[in-house]
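Chemist: Next comes my_file.cif, mmCIF, C-alpha atoms:
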data_run
loop_
_atom_site.group_PDB
_atom_site.id
_atom_site.type_symbol
_atom_site.label_atom_id
_atom_site.label_comp_id
_atom_site.auth_asym_id
_atom_site.auth_seq_id
_atom_site.Cartn_x
_atom_site.Cartn_y
_atom_site.Cartn_z
ATOM 1 C CA MET A 268 -18.425 -1.818 36.660
ATOM 2 C CA THR A 269 -16.493 -3.878 39.212
ATOM 3 C CA ASP A 270 -13.912 -5.427 36.832
ATOM 4 C CA THR A 271 -10.898 -3.117 37.271
ATOM 5 C CA PRO A 272 -9.134 -3.913 33.931
ATOM 6 C CA ALA A 273 -12.383 -3.483 31.987
ATOM 7 C CA ARG A 274 -13.103 -0.258 33.852
ATOM 8 C CA LEU A 275 -9.633 1.112 33.072
ATOM 9 C CA LEU A 276 -10.117 0.354 29.383
ATOM 10 C CA ARG A 277 -13.496 2.085 29.417
ATOM 11 C CA LEU A 278 -11.992 5.080 31.229
ATOM 12 C CA LEU A 279 -9.135 5.276 28.738
ATOM 13 C CA SER A 280 -11.618 5.137 25.855
ATOM 14 C CA LEU A 281 -13.554 8.068 27.318
ATOM 15 C CA LEU A 282 -10.404 10.120 27.913
ATOM 16 C CA GLN A 283 -9.283 9.651 24.309
ATOM 17 C CA THR A 284 -12.231 11.789 23.242
ATOM 18 C CA PRO A 285 -10.797 15.325 22.792
ATOM 19 C CA ARG A 286 -12.576 17.027 25.693
ATOM 20 C CA GLU A 287 -12.282 17.588 29.422
ATOM 21 C CA TRP A 288 -14.208 15.166 31.620
ATOM 22 C CA PRO A 289 -15.446 16.270 35.063
ATOM 23 C CA GLY A 290 -14.719 13.591 37.647
ATOM 24 C CA SER A 291 -18.400 13.348 38.534
ATOM 25 C CA GLU A 292 -19.368 12.639 34.913
ATOM 26 C CA LEU A 293 -16.699 9.948 34.603
ATOM 27 C CA ALA A 294 -17.995 8.406 37.833
ATOM 28 C CA ASP A 295 -21.539 8.363 36.437
ATOM 29 C CA ARG A 296 -20.391 6.811 33.150
ATOM 30 C CA LEU A 297 -18.425 4.101 34.942
ATOM 31 C CA GLY A 298 -20.874 3.546 37.770
ATOM 32 C CA VAL A 299 -18.282 4.118 40.488
ATOM 33 C CA SER A 300 -17.433 6.746 43.091
ATOM 34 C CA ASP A 301 -15.350 9.881 42.516
ATOM 35 C CA ARG A 302 -12.661 8.332 44.718
ATOM 36 C CA THR A 303 -12.470 5.250 42.460
ATOM 37 C CA VAL A 304 -12.122 7.515 39.434
ATOM 38 C CA ARG A 305 -9.157 9.281 41.072
ATOM 39 C CA ARG A 306 -7.502 5.940 41.828
ATOM 40 C CA ASP A 307 -8.064 4.756 38.258
ATOM 41 C CA ILE A 308 -6.562 7.982 36.902
ATOM 42 C CA ASP A 309 -3.470 7.324 39.047
ATOM 43 C CA ARG A 310 -3.278 3.768 37.619
ATOM 44 C CA LEU A 311 -3.370 5.109 34.063
ATOM 45 C CA ARG A 312 -0.574 7.543 34.877
ATOM 46 C CA GLU A 313 1.512 4.688 36.277
ATOM 47 C CA LEU A 314 0.984 2.864 32.978
ATOM 48 C CA GLY A 315 2.409 5.853 31.100
ATOM 49 C CA TYR A 316 -0.778 7.636 30.026
ATOM 50 C CA PRO A 317 -0.353 11.414 30.478
ATOM 51 C CA VAL A 318 -3.650 12.383 32.129
ATOM 52 C CA GLU A 319 -3.864 16.053 33.068
ATOM 53 C CA ALA A 320 -6.138 17.328 35.822
ATOM 54 C CA THR A 321 -7.453 20.897 36.151
ATOM 55 C CA LEU A 322 -9.120 22.411 39.193
ATOM 56 C CA GLY A 323 -12.181 24.606 39.499
ATOM 57 C CA VAL A 324 -15.834 24.460 38.571
ATOM 58 C CA THR A 325 -15.060 23.735 34.922
ATOM 59 C CA GLY A 326 -12.065 21.530 35.693
ATOM 60 C CA GLY A 327 -11.683 17.863 35.054
ATOM 61 C CA TYR A 328 -9.467 15.259 33.388
ATOM 62 C CA ARG A 329 -8.137 14.994 29.862
ATOM 63 C CA LEU A 330 -5.544 12.937 28.034
ATOM 64 C CA VAL A 331 -2.692 15.047 26.643
ATOM 65 C CA ALA A 332 0.113 14.351 24.198
ATOM 66 C CA GLY A 333 3.024 12.510 25.757
ATOM 67 C CA ALA A 334 6.485 11.359 24.736
ATOM 68 C CA ALA A 335 5.079 8.225 23.085
ATOM 69 C CA MET A 336 1.762 7.383 21.515
ATOM 70 C CA PRO A 337 -0.353 5.155 23.790
ATOM 71 C CA PRO A 338 -2.545 2.405 22.335
ATOM 72 C CA LEU A 339 -5.757 3.839 20.937
ATOM 73 C CA LEU A 340 -9.160 2.481 21.839
ATOM 74 C CA VAL A 341 -11.912 2.932 19.273
ATOM 75 C CA ASP A 342 -15.540 1.864 19.184
ATOM 76 C CA ASP A 343 -17.152 -0.212 16.428
ATOM 77 C CA GLU A 344 -18.186 2.754 14.289
ATOM 78 C CA GLU A 345 -14.745 4.372 14.554
ATOM 79 C CA ALA A 346 -12.998 1.120 13.643
ATOM 80 C CA VAL A 347 -15.160 0.720 10.539
ATOM 81 C CA ALA A 348 -14.541 4.348 9.504
ATOM 82 C CA ILE A 349 -10.757 3.992 9.890
ATOM 83 C CA ALA A 350 -10.648 0.699 7.986
ATOM 84 C CA VAL A 351 -12.793 1.989 5.114
ATOM 85 C CA GLY A 352 -10.612 5.094 4.833
ATOM 86 C CA LEU A 353 -7.400 3.076 4.781
ATOM 87 C CA ARG A 354 -8.823 0.657 2.200
ATOM 88 C CA ALA A 355 -9.875 3.545 -0.026
ATOM 89 C CA ALA A 356 -6.416 5.116 0.149
ATOM 90 C CA ALA A 357 -4.634 1.820 -0.484
ATOM 91 C CA GLY A 358 -6.938 0.775 -3.314
ATOM 92 C CA SER A 359 -6.460 4.008 -5.250
ATOM 93 C CA ALA A 360 -2.678 4.101 -4.707
ATOM 94 C CA ILE A 361 -2.751 7.762 -3.703
ATOM 95 C CA ALA A 362 0.678 9.372 -3.883
ATOM 96 C CA GLY A 363 2.137 9.856 -0.411
ATOM 97 C CA ILE A 364 0.313 6.964 1.249
ATOM 98 C CA GLU A 365 3.139 5.041 2.869
ATOM 99 C CA GLU A 366 3.558 1.316 3.474
ATOM 100 C CA ALA A 367 2.750 2.039 7.125
ATOM 101 C CA SER A 368 -0.852 2.729 6.096
ATOM 102 C CA VAL A 369 -1.186 -0.752 4.644
ATOM 103 C CA ARG A 370 0.439 -2.289 7.730
ATOM 104 C CA ALA A 371 -2.048 -0.407 9.908
ATOM 105 C CA LEU A 372 -4.922 -1.705 7.792
ATOM 106 C CA ALA A 373 -3.607 -5.267 8.061
ATOM 107 C CA LYS A 374 -3.394 -4.995 11.854
ATOM 108 C CA LEU A 375 -6.839 -3.463 12.146
ATOM 109 C CA GLU A 376 -8.590 -6.015 9.930
ATOM 110 C CA GLN A 377 -6.833 -8.844 11.751
ATOM 111 C CA VAL A 378 -8.522 -7.944 15.047
ATOM 112 C CA LEU A 379 -11.895 -6.779 13.723
ATOM 113 C CA PRO A 380 -14.804 -9.039 14.691
ATOM 114 C CA ALA A 381 -16.290 -10.905 11.743
ATOM 115 C CA LYS A 382 -19.405 -8.734 11.622
ATOM 116 C CA LEU A 383 -17.340 -5.524 11.471
ATOM 117 C CA ARG A 384 -15.000 -6.995 8.861
ATOM 118 C CA ARG A 385 -18.000 -7.738 6.663
ATOM 119 C CA ARG A 386 -19.244 -4.165 7.099
ATOM 120 C CA VAL A 387 -15.858 -2.788 6.091
ATOM 121 C CA ARG A 388 -15.761 -4.902 2.936
ATOM 122 C CA VAL A 389 -19.335 -4.056 1.961
ATOM 123 C CA LEU A 390 -18.741 -0.341 2.479
ATOM 124 C CA GLY A 391 -15.417 -0.510 0.676
ATOM 125 C CA THR A 392 -16.969 -2.224 -2.325
ATOM 126 C CA ALA A 393 -19.744 0.355 -2.469
ATOM 127 C CA THR A 394 -17.640 3.484 -1.984
ATOM 128 C CA ILE A 395 -14.141 2.900 -3.391
ATOM 129 C CA GLN A 396 -13.869 4.181 -6.942
ATOM 130 C CA PRO A 397 -10.337 3.529 -8.265
ATOM 131 C CA SER A 398 -8.813 6.351 -10.251
ATOM 132 C CA THR A 399 -8.637 5.741 -13.986
ATOM 133 C CA ASP A 400 -5.133 7.237 -13.953
ATOM 134 C CA ALA A 401 -3.782 4.721 -11.437
ATOM 135 C CA ALA A 402 -3.538 0.945 -11.319
ATOM 136 C CA ALA A 403 -6.244 -0.222 -8.910
ATOM 137 C CA VAL A 404 -5.180 -2.733 -6.260
ATOM 138 C CA ASP A 405 -7.515 -4.944 -4.281
ATOM 139 C CA PRO A 406 -7.059 -3.903 -0.620
ATOM 140 C CA GLU A 407 -7.472 -7.561 0.359
ATOM 141 C CA VAL A 408 -4.348 -8.330 -1.650
ATOM 142 C CA LEU A 409 -2.429 -5.476 -0.014
ATOM 143 C CA THR A 410 -3.377 -6.431 3.529
ATOM 144 C CA THR A 411 -2.456 -10.082 2.945
ATOM 145 C CA LEU A 412 0.921 -9.112 1.482
ATOM 146 C CA ALA A 413 1.556 -6.592 4.282
ATOM 147 C CA ALA A 414 0.890 -9.266 6.885
ATOM 148 C CA CYS A 415 3.352 -11.617 5.167
ATOM 149 C CA VAL A 416 6.012 -8.880 5.079
ATOM 150 C CA THR A 417 5.488 -8.059 8.753
ATOM 151 C CA ASN A 418 5.450 -11.718 9.829
ATOM 152 C CA ARG A 419 8.389 -12.659 7.562
ATOM 153 C CA GLU A 420 6.216 -15.380 6.087
ATOM 154 C CA ARG A 421 6.549 -16.869 2.618
ATOM 155 C CA VAL A 422 3.681 -16.217 0.232
ATOM 156 C CA ARG A 423 2.450 -17.859 -2.970
ATOM 157 C CA PHE A 424 0.459 -15.998 -5.611
ATOM 158 C CA ALA A 425 -0.479 -15.892 -9.276
ATOM 159 C CA TYR A 426 1.215 -13.138 -11.276
ATOM 160 C CA ARG A 427 0.236 -11.646 -14.612
ATOM 161 C CA ALA A 428 3.242 -10.152 -16.438
ATOM 162 C CA ALA A 429 3.095 -7.130 -18.733
ATOM 163 C CA SER A 430 3.044 -9.482 -21.730
ATOM 164 C CA GLY A 431 -0.086 -11.182 -20.373
ATOM 165 C CA ALA A 432 1.734 -14.384 -19.423
ATOM 166 C CA GLU A 433 0.678 -15.853 -16.061
ATOM 167 C CA SER A 434 2.869 -17.713 -13.600
ATOM 168 C CA ARG A 435 2.867 -18.955 -10.012
ATOM 169 C CA ARG A 436 5.365 -17.372 -7.624
ATOM 170 C CA ASN A 437 6.787 -18.500 -4.284
ATOM 171 C CA LEU A 438 8.268 -15.471 -2.553
ATOM 172 C CA GLU A 439 10.037 -14.343 0.595
ATOM 173 C CA PRO A 440 8.531 -10.815 0.768
ATOM 174 C CA ILE A 441 10.566 -8.058 2.433
ATOM 175 C CA GLY A 442 8.657 -4.885 1.550
ATOM 176 C CA LEU A 443 5.666 -3.157 -0.036
ATOM 177 C CA VAL A 444 6.600 0.073 -1.805
ATOM 178 C CA PRO A 445 4.196 2.803 -2.990
ATOM 179 C CA ALA A 446 5.676 4.499 -6.055
ATOM 180 C CA HIS A 447 4.321 6.388 -9.050
ATOM 181 C CA ARG A 448 0.679 5.766 -8.062
ATOM 182 C CA ARG A 449 1.294 2.024 -7.854
ATOM 183 C CA TRP A 450 2.224 -0.550 -5.223
ATOM 184 C CA TYR A 451 5.186 -2.905 -5.647
ATOM 185 C CA LEU A 452 6.028 -6.057 -3.707
ATOM 186 C CA VAL A 453 9.748 -6.793 -3.316
ATOM 187 C CA GLY A 454 11.049 -10.196 -2.344
ATOM 188 C CA PHE A 455 13.294 -13.150 -3.080
ATOM 189 C CA ASP A 456 11.751 -15.457 -5.694
ATOM 190 C CA LEU A 457 12.543 -18.991 -4.526
ATOM 191 C CA ASP A 458 11.795 -20.661 -7.859
ATOM 192 C CA ARG A 459 14.006 -18.258 -9.819
ATOM 193 C CA ASP A 460 16.635 -17.930 -7.084
ATOM 194 C CA ASP A 461 16.795 -14.148 -7.450
ATOM 195 C CA TRP A 462 15.316 -10.896 -6.211
ATOM 196 C CA ARG A 463 12.207 -9.598 -7.952
ATOM 197 C CA SER A 464 9.690 -6.753 -7.699
ATOM 198 C CA PHE A 465 6.039 -7.267 -8.625
ATOM 199 C CA ARG A 466 3.270 -4.792 -9.371
ATOM 200 C CA ALA A 467 0.628 -5.436 -6.748
ATOM 201 C CA ASP A 468 -2.228 -4.820 -9.190
ATOM 202 C CA ARG A 469 -1.008 -7.849 -11.171
ATOM 203 C CA ILE A 470 -0.936 -10.153 -8.129
ATOM 204 C CA GLU A 471 -3.873 -12.482 -7.630
ATOM 205 C CA ASN A 472 -4.927 -14.767 -4.787
ATOM 206 C CA PRO A 473 -1.911 -14.369 -2.459
ATOM 207 C CA GLN A 474 -1.728 -17.237 0.029
ATOM 208 C CA PRO A 475 0.463 -17.145 3.164
ATOM 209 C CA THR A 476 2.274 -20.480 3.479
ATOM 210 C CA GLY A 477 2.980 -20.430 7.205
ATOM 211 C CA ALA A 478 6.708 -20.901 6.529
ATOM 212 C CA ARG A 479 8.858 -18.229 8.217
ATOM 213 C CA PHE A 480 12.162 -17.015 6.778
ATOM 214 C CA THR A 481 15.228 -14.989 7.695
ATOM 215 C CA PRO A 482 15.609 -12.037 5.294
ATOM 216 C CA ARG A 483 18.500 -12.317 2.843
ATOM 217 C CA GLU A 484 20.822 -9.465 1.922
ATOM 218 C CA LEU A 485 18.991 -7.233 -0.539
ATOM 219 C CA PRO A 486 21.135 -5.848 -3.427
ATOM 220 C CA ALA A 487 19.970 -2.309 -2.661
ATOM 221 C CA ARG A 488 19.743 0.101 0.265
ATOM 222 C CA ASP A 489 16.129 -0.921 0.926
ATOM 223 C CA ALA A 490 13.004 -2.121 -0.882
ATOM 224 C CA ALA A 491 12.168 1.376 -2.163
ATOM 225 C CA ALA A 492 15.651 1.793 -3.633
ATOM 226 C CA TYR A 493 15.314 -1.603 -5.315
ATOM 227 C CA VAL A 494 12.052 -0.565 -6.975
ATOM 228 C CA THR A 495 13.457 2.744 -8.223
ATOM 229 C CA GLY A 496 16.505 1.033 -9.696
ATOM 230 C CA GLU A 497 19.187 1.889 -7.131
ATOM 231 C CA ARG A 498 20.550 -1.651 -7.140
ATOM 232 C CA THR A 499 24.103 -2.817 -6.566
ATOM 233 C CA ASP A 500 24.022 -5.750 -9.007
ATOM 234 C CA TRP A 501 22.151 -4.593 -12.100
ATOM 235 C CA GLY A 502 24.686 -5.877 -14.606
ATOM 236 C CA THR A 503 23.930 -5.333 -18.305
ATOM 237 C CA PRO A 504 20.244 -4.554 -18.997
ATOM 238 C CA THR A 505 18.417 -6.691 -21.511
ATOM 239 C CA LEU A 506 17.239 -3.737 -23.604
ATOM 240 C CA ARG A 507 17.397 0.025 -23.176
ATOM 241 C CA TYR A 508 14.298 1.856 -24.434
ATOM 242 C CA ASP A 509 14.311 5.477 -25.547
ATOM 243 C CA VAL A 510 11.085 6.600 -27.244
ATOM 244 C CA THR A 511 9.607 10.083 -27.685
ATOM 245 C CA ILE A 512 5.790 10.096 -27.717
ATOM 246 C CA GLN A 513 3.574 12.934 -28.912
ATOM 247 C CA LEU A 514 1.286 12.846 -25.881
ATOM 248 C CA PRO A 515 1.325 14.508 -22.461
ATOM 249 C CA ALA A 516 3.020 12.326 -19.850
ATOM 250 C CA TYR A 517 -0.171 11.895 -17.790
ATOM 251 C CA ARG A 518 -1.867 10.203 -20.755
ATOM 252 C CA VAL A 519 0.926 7.637 -21.100
ATOM 253 C CA ILE A 520 1.700 6.859 -17.459
ATOM 254 C CA GLY A 521 -0.075 3.641 -16.541
ATOM 255 C CA ARG A 522 -0.252 2.473 -20.150
ATOM 256 C CA LEU A 523 3.520 2.249 -20.636
ATOM 257 C CA GLY A 524 6.302 2.293 -18.080
ATOM 258 C CA ASP A 525 6.150 0.318 -14.854
ATOM 259 C CA LEU A 526 8.581 2.194 -12.624
ATOM 260 C CA PRO A 527 8.884 5.779 -11.393
ATOM 261 C CA GLY A 528 10.785 7.833 -13.956
ATOM 262 C CA ASP A 529 10.012 5.538 -16.902
ATOM 263 C CA ILE A 530 7.800 8.257 -18.424
ATOM 264 C CA THR A 531 9.012 11.857 -18.146
ATOM 265 C CA PRO A 532 7.447 15.001 -19.672
ATOM 266 C CA VAL A 533 9.354 16.840 -22.394
ATOM 267 C CA ASP A 534 6.778 19.622 -22.638
ATOM 268 C CA GLU A 535 3.001 19.956 -22.290
ATOM 269 C CA THR A 536 2.299 17.808 -25.362
ATOM 270 C CA THR A 537 5.271 15.411 -25.488
ATOM 271 C CA CYS A 538 6.836 12.851 -23.179
ATOM 272 C CA ARG A 539 9.706 10.395 -23.271
ATOM 273 C CA MET A 540 9.984 6.751 -22.233
ATOM 274 C CA GLU A 541 13.454 5.854 -20.980
ATOM 275 C CA SER A 542 13.839 2.572 -19.175
ATOM 276 C CA ASP A 543 15.569 -0.772 -18.999
ATOM 277 C CA ARG A 544 12.930 -3.418 -19.679
ATOM 278 C CA ASP A 545 12.677 -7.128 -20.255
ATOM 279 C CA ASP A 546 9.149 -7.034 -21.676
ATOM 280 C CA SER A 547 8.285 -8.706 -24.951
ATOM 281 C CA LEU A 548 9.280 -6.465 -27.884
ATOM 282 C CA GLU A 549 6.022 -7.292 -29.608
ATOM 283 C CA TRP A 550 4.062 -6.252 -26.513
ATOM 284 C CA VAL A 551 5.861 -2.880 -26.331
ATOM 285 C CA ALA A 552 5.325 -2.346 -30.054
ATOM 286 C CA HIS A 553 1.589 -3.010 -29.782
ATOM 287 C CA ARG A 554 1.299 -0.756 -26.711
ATOM 288 C CA LEU A 555 2.973 2.106 -28.561
ATOM 289 C CA VAL A 556 0.655 1.717 -31.537
ATOM 290 C CA ALA A 557 -2.367 1.480 -29.221
ATOM 291 C CA LEU A 558 -1.575 4.939 -27.804
ATOM 292 C CA GLY A 559 -2.964 6.402 -31.021
ATOM 293 C CA ALA A 560 -0.261 9.067 -31.288
ATOM 294 C CA ASP A 561 2.944 9.706 -33.224
ATOM 295 C CA PHE A 562 6.180 8.505 -31.639
ATOM 296 C CA HIS A 563 9.865 8.238 -32.504
ATOM 297 C CA VAL A 564 12.074 5.310 -31.465
ATOM 298 C CA ARG A 565 15.723 6.104 -30.783
ATOM 299 C CA GLN A 566 16.530 2.702 -29.341
ATOM 300 C CA PRO A 567 16.620 -0.234 -29.270
ATOM 301 C CA PRO A 568 16.859 -1.207 -32.943
ATOM 302 C CA GLU A 569 15.066 -4.448 -32.053
ATOM 303 C CA LEU A 570 11.936 -2.408 -31.264
ATOM 304 C CA ILE A 571 12.056 -0.801 -34.703
ATOM 305 C CA GLN A 572 12.170 -4.276 -36.224
ATOM 306 C CA ALA A 573 9.204 -5.351 -34.093
ATOM 307 C CA LEU A 574 7.224 -2.302 -35.266
ATOM 308 C CA GLU A 575 8.072 -3.088 -38.892
ATOM 309 C CA ALA A 576 6.741 -6.616 -38.342
ATOM 310 C CA VAL A 577 3.498 -5.151 -36.933
ATOM 311 C CA ARG A 578 3.196 -2.831 -39.943
ATOM 312 C CA ALA A 579 3.759 -5.715 -42.354
ATOM 313 C CA ARG A 580 1.077 -7.743 -40.601
ATOM 314 C CA VAL A 581 -1.393 -4.847 -40.879
ATOM 315 C CA ASP A 582 -0.507 -4.319 -44.547
ATOM 316 C CA ARG A 583 -1.252 -7.972 -45.304
ATOM 317 C CA ALA A 584 -4.539 -7.728 -43.433
ATOM 318 C CA VAL A 585 -5.856 -4.828 -45.517
ATOM 319 C CA GLN A 586 -4.731 -6.072 -48.923
#
As a first step, turn the structure in this file into structure tokens.

Modeler:
Amino acid sequence: MTDTPARLLRLLSLLQTPREWPGSELADRLGVSDRTVRRDIDRLRELGYPVEATLGVTGGYRLVAGAAMPPLLVDDEEAVAIAVGLRAAAGSAIAGIEEASVRALAKLEQVLPAKLRRRVRVLGTATIQPSTDAAAVDPEVLTTLAACVTNRERVRFAYRAASGAESRRNLEPIGLVPAHRRWYLVGFDLDRDDWRSFRADRIENPQPTGARFTPRELPARDAAAYVTGERTDWGTPTLRYDVTIQLPAYRVIGRLGDLPGDITPVDETTCRMESDRDDSLEWVAHRLVALGADFHVRQPPELIQALEAVRARVDRAVQ
């Protein structure tokens, strides 16, 4: 291996395996002399890679932890394994998986050769089983959105609201937030001239536009605070919901309540929905009835009227 840069990359890849490498074995792997290996080790150290050498019969070289993480080199099989794992975690919206995981997946898939990208998608389709308790998100959607956030690039997509209505959105995205076993995209909606958050599982066919933007001032500390309601410009909410439901919270989460804290347990058999919502009253009424459990509405009175209209419609149907 006479190409010095290629040889250094190959040497670095070997050293990133958690073991000690005798100089003679590294020389054999690289097809060079022991002296060339020592010079290459010195080059890596000059580049900031902390390579430790030990003496003796069992001595050798190994890469140790340093002050900063060096770039990792992985082979084809390792790249596929990492990508499939990240896609599985992102697709099932596992609690604790941060936005950084999606950014890492976006970076990895961007540089994967076409044949490896196909393998990742085939394996992901075959192995990812979204949890029935969480809203499943297509990892392709997440990686596209993450790339737009990172690149500060406007994105267009189709969005399906809670009421079932569909619309096209043109957004300046500033963050992806994992919360309450869901993913949320936060950005400035250009058509509505206001900030919005969108459930990622309701986003379809996101398309980067190529148009870059300078982020505007967000009316919250950050994207996560915006999603959880810590805004500085809420104003008067459209409607305040307060409903007690005779079901455990885990059986209601995902069927009602979009944001963290919307559904809170009262005890093992009862939960409470408290939230400010702008959903259709009729939609909320039908969702409550569809739970198949008793519930009590404290507010808003408009929801009680919507439920009475549903009851009247059912009464007419069975007469």

Chemist: Name the residues that the PyMOL selection byres ((chain A and resi 490) around 9) pulls out of this structure, and write them as a VMD selection string.

Modeler: chain A and resid 441 to 444 452 to 454 464 485 487 to 489 491 to 495

Chemist: If we count only C-alpha atoms, what is near range 564-566 of chain A at a cut-off of 7 Å, once residues fewer than 5 positions away on the same chain are taken out, given as number ranges by chain?

Modeler: A: 507-511, 571

Chemist: Which value, in Å to one decimal, gives the distance between CA of Phe480 in chain A and CA of Phe424 in chain A?

Modeler: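 CA of Phe424 in chain A lies 17.1 Å from CA of Phe480 in chain A.
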
Chemist: Given the choices A:Ala373, A:Ile308, A:Leu570, A:Leu383, which gets closest to Thr417 in chain A if the distance is worked out from only C-alpha atoms?

Modeler: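 Among the listed residues, the smallest separation from Thr417 in chain A belongs to A:Ala373.
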
Chemist: As a check of understanding, name the residues that the PyMOL selection byres ((chain A and resi 329) around 8) selects in the supplied structure, as a ChimeraX atom specification.

Modeler: /A:282-283,285-288,318-320,327-328,330-331

Chemist: Would you translate the PyMOL selection byres ((chain A and resi 530) around 7) into the concrete set of residues it matches in this file, as a ChimeraX atom specification?

Modeler: /A:516,520,524,528-529,531-532,538-541

Chemist: Please determine, counting only C-alpha atoms, which residue among A:Leu555, A:Leu279, A:Ala332, A:Ala371 has the shortest atom-to-atom distance to Ile349 in chain A.

Modeler: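 Between A:Leu555, A:Leu279, A:Ala332, A:Ala371, the residue approaching Ile349 in chain A most closely is A:Ala371.
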
Chemist: Give me, as a PyMOL selection string, all polymer residues having an atom no more than 12 Å from Leu278 in chain A, counting all atoms listed in the file and skipping those fewer than 3 positions away in the same chain.

Modeler: chain A and resi 268+271-275+281-284+288+290+292-299+303-311+316+318+328-330+340

Chemist: Can you tell me which residues surround Leu412 in chain A at a distance of at most 12 Å, considering all atoms listed in the file, apart from same-chain residues fewer than 3 positions away, and format the answer as a short mmCIF file (atom, residue, chain, number, x, y, z; two decimals) with C-alpha atoms, keeping the file's coordinate frame?

Modeler:
data_model
loop_
_atom_site.label_atom_id
_atom_site.label_comp_id
_atom_site.auth_asym_id
_atom_site.auth_seq_id
_atom_site.Cartn_x
_atom_site.Cartn_y
_atom_site.Cartn_z
CA GLU A 366 3.56 1.32 3.47
CA VAL A 369 -1.19 -0.75 4.64
CA ARG A 370 0.44 -2.29 7.73
CA LEU A 372 -4.92 -1.70 7.79
CA ALA A 373 -3.61 -5.27 8.06
CA LYS A 374 -3.39 -5.00 11.85
CA VAL A 404 -5.18 -2.73 -6.26
CA ASP A 405 -7.52 -4.94 -4.28
CA PRO A 406 -7.06 -3.90 -0.62
CA GLU A 407 -7.47 -7.56 0.36
CA VAL A 408 -4.35 -8.33 -1.65
CA LEU A 409 -2.43 -5.48 -0.01
CA CYS A 415 3.35 -11.62 5.17
CA VAL A 416 6.01 -8.88 5.08
CA THR A 417 5.49 -8.06 8.75
CA ASN A 418 5.45 -11.72 9.83
CA ARG A 419 8.39 -12.66 7.56
CA GLU A 420 6.22 -15.38 6.09
CA ARG A 421 6.55 -16.87 2.62
CA VAL A 422 3.68 -16.22 0.23
CA ARG A 423 2.45 -17.86 -2.97
CA PHE A 424 0.46 -16.00 -5.61
CA LEU A 438 8.27 -15.47 -2.55
CA GLU A 439 10.04 -14.34 0.60
CA PRO A 440 8.53 -10.82 0.77
CA ILE A 441 10.57 -8.06 2.43
CA GLY A 442 8.66 -4.88 1.55
CA LEU A 443 5.67 -3.16 -0.04
CA VAL A 444 6.60 0.07 -1.80
CA TRP A 450 2.22 -0.55 -5.22
CA TYR A 451 5.19 -2.90 -5.65
CA LEU A 452 6.03 -6.06 -3.71
CA VAL A 453 9.75 -6.79 -3.32
CA GLY A 454 11.05 -10.20 -2.34
CA PHE A 465 6.04 -7.27 -8.62
CA ARG A 466 3.27 -4.79 -9.37
CA ALA A 467 0.63 -5.44 -6.75
CA ASP A 468 -2.23 -4.82 -9.19
CA ILE A 470 -0.94 -10.15 -8.13
CA GLU A 471 -3.87 -12.48 -7.63
CA ASN A 472 -4.93 -14.77 -4.79
CA PRO A 473 -1.91 -14.37 -2.46
CA GLN A 474 -1.73 -17.24 0.03
CA PRO A 475 0.46 -17.14 3.16
CA THR A 476 2.27 -20.48 3.48
#

Chemist: For the atom pair CA of Leu574 in chain A and CA of Leu548 in chain A, what is the interatomic distance in Å to one decimal place?

Modeler: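 Rounded to one decimal, the two atoms are 8.7 Å apart.
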
Chemist: Please compute the CA of Ser434 in chain A-CA of Ala413 in chain A distance, one decimal, in Å.

Modeler: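 Those two atoms sit 21.1 Å apart.
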
Chemist: Using all atoms listed in the file for the distances, tell me which of A:Arg518, A:Lys382, A:Glu575, A:Leu558 is nearest to Glu344 in chain A.

Modeler: A:Lys382

Chemist: Quick one: of A:Leu314, A:Leu523, A:Ala348, A:Val533, who's nearest to Ala557 in chain A, counting all atoms listed in the file?

Modeler: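 Of the candidates, the smallest distance to Ala557 in chain A is held by A:Leu523.
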